[in-house]
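*Asks:* Starting off with a structure, shown below.
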Amino acid sequence: MDLKWLEDFIALARERSFSRAAEQRHVTQPQFSRRIRALELWVGADLVNRAGMPLALTAAGEELLPVARRAVVSLTDTRARIRHAQGGLDWVTLATGRTLSRTAVPGWLARVKPIAGDFRLRLLTGSIAEGATLLEQGGADFLLSFTHPRLPLMLDEQRFEAVTFGTDELVAVSAPRADGKPRHALPGTAKKPVPVLGYATALALSQILQDGLSRSPRELHLHVVTESDFAESLHEQALQGVGVAWLPRGLVGNDLRDGRLVQADGRQPPVRFEIRLYRPRQPRNEQVQRIWAASLAT
């Protein structure tokens, strides 16, 4: 359960209108409605009677409202006291994916800290959708994400802005044979398809890869032998010679340079994509603003 859900519910109880409450909470009405529904699912009961106008709370909603008000006040005050006791030291929270936490975050920190000064970073990894939700609900100061036409984030441009952080590309790689050629070479044949280490369909990298493969200049004969939601797992299996994997160059660059992996086919074009850093247009403190300014400068 997210504290923002309780704050949303309190606003709805006061305004008795989804549209007015959403405007007050600076979110779109569909997003606001989803958050109220998420709270109802957590509670296990409808909190609002949506049939009448103006809206009315159900018996469960009336019971929850005073508890929600006390909880928000208590948690907000407690957080303020804890932060004050820590001497003003605060965590900067970055939401990102597990792969980007390894391939992009270290370089970002190395470039930003000399300009913005040292800071404590809390790294939250998950899906792009989870990261966007954290950003929308104030649970993250920044979101670092893959960006591709197949991956619309649907963030409100009036509330959030982005900068292109860098680019990367998915490269088809295989363990080498003794002669240096790929153990598993593209494009394969109908009788002997190439074993592939694939991404779980819910992953952003899966969407990017499928778009790239749909634009392949020739027919590929592939047979998925492993599917994972963790790129590093596919990386390890590629090193062991299990099959071909399309992996970010940022993840396999050293392996390609040192010969532990080779490209599965030099004729197969890589699948390129951007990496963007998102943040609220109104940062919560000066430290977050300095980090953003440093990100723009690098």
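Within each chain, counting starts at residue 1; across the structure tokens, chains are named A, B, ... in the order shown, with ligands numbered 1 upward in that order.
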So which residues touch Ser295 (chain A) within 9 Å, counting only C-alpha atoms, skipping near sequence neighbours fewer than 3 positions away, as a list in words?
*Replies:*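 Neighbouring residues, sequence-local ones excluded: Trp108, Arg111, Val112, Ile115, Ala116, Val163, Phe165, Leu277, Arg290, Ile291, Trp292 and Thr298 of chain A.
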*Asks:* Residues of region 135-266 of chain A classed as strand (DSSP E or B) by DSSP on the backbone are to be reported as JSON, numbers by chain.
*Replies:* {"A": [142, 143, 144, 145, 146, 147, 160, 161, 162, 163, 164, 165, 166, 167, 168, 169, 170, 171, 172, 173, 174, 176, 182, 194, 195, 196, 197, 198, 199, 222, 223, 224, 225, 226, 227, 228, 244, 245, 246, 247, 248, 262, 263]}
*Asks:* Counting only C-alpha atoms, which residue out of A:Phe273, A:Tyr199, A:Phe119, A:Tyr278 sits closest to Leu296 (chain A)?
*Replies:*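 Answer, going by the shortest atom-to-atom distance: A:Tyr278.
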*Asks:* Which residues are close to Gln289 (chain A), i.e. within 10 Å by only C-alpha atoms, leaving aside same-chain residues fewer than 6 positions away? Reply as a PDB file with C-alpha atoms, in the first residue's frame.
*Replies:*
ATOM      1  CA  ALA A 116      26.738  17.870  -8.320  1.00  0.00           C
ATOM      2  CA  ASP A 141      13.348  11.420  -7.793  1.00  0.00           C
ATOM      3  CA  ARG A 279      12.291  13.666 -13.420  1.00  0.00           C
ATOM      4  CA  ARG A 281       9.568  19.395 -13.308  1.00  0.00           C
ATOM      5  CA  GLN A 282       9.338  20.492  -9.683  1.00  0.00           C
ATOM      6  CA  PRO A 283      12.162  18.687  -7.817  1.00  0.00           C
ATOM      7  CA  SER A 295      23.027  15.276 -15.854  1.00  0.00           C
TER       8      SER A 295
END
*Asks:* So that I can check the secondary structure, give me every residue of region 43-201 of chain A assigned alpha helix (DSSP H) by backbone DSSP, as a VMD selection string.
*Replies:* chain A and resid 43 59 to 85 98 to 103 105 to 116 128 to 136
*Asks:* Identify, on the basis of only C-alpha atoms, every residue whose closest approach to Gly250 (chain A) does not exceed 7 Å; exclude the query and any residue fewer than 2 positions from it along the same chain; express the result as number ranges by chain.
*Replies:* A: 103, 168, 248, 252-253
*Asks:* Tell me, as number ranges by chain, which residues lie within 12 Å of Ala104 (chain A), counting only C-alpha atoms; anything in the same chain fewer than 5 positions away does not count.
*Replies:* A: 96-99, 109-111, 144-146, 165-168, 248-251, 274-277
*Asks:* Any idea what the distance is between CA of Glu227 (chain A) and CA of Leu123 (chain A)?
*Replies:* 25.5 Å
*Asks:* Excluding region 205-220 of chain A and residues on its chain fewer than 3 positions from it, collect all residues at most 10 Å away from it, counting only C-alpha atoms, and give them as a count of residues only.
*Replies:* 35
*Asks:* Where does region 53-141 of chain A meet region 3-13 of chain A within 8 Å, residue by residue, with the nearest atom pair and distance in Å to one decimal for each, counting only C-alpha atoms, listed by chain and rising number, as CSV?
*Replies:*
residue,atom,partner,partner_atom,distance
A:Ala56,CA,A:Ala13,CA,7.8
A:Leu57,CA,A:Ala13,CA,7.1
A:Leu65,CA,A:Ile10,CA,6.8
A:Ala68,CA,A:Leu6,CA,5.8
A:Arg69,CA,A:Ile10,CA,7.0
A:Val72,CA,A:Leu3,CA,7.0
A:Gln137,CA,A:Lys4,CA,6.3
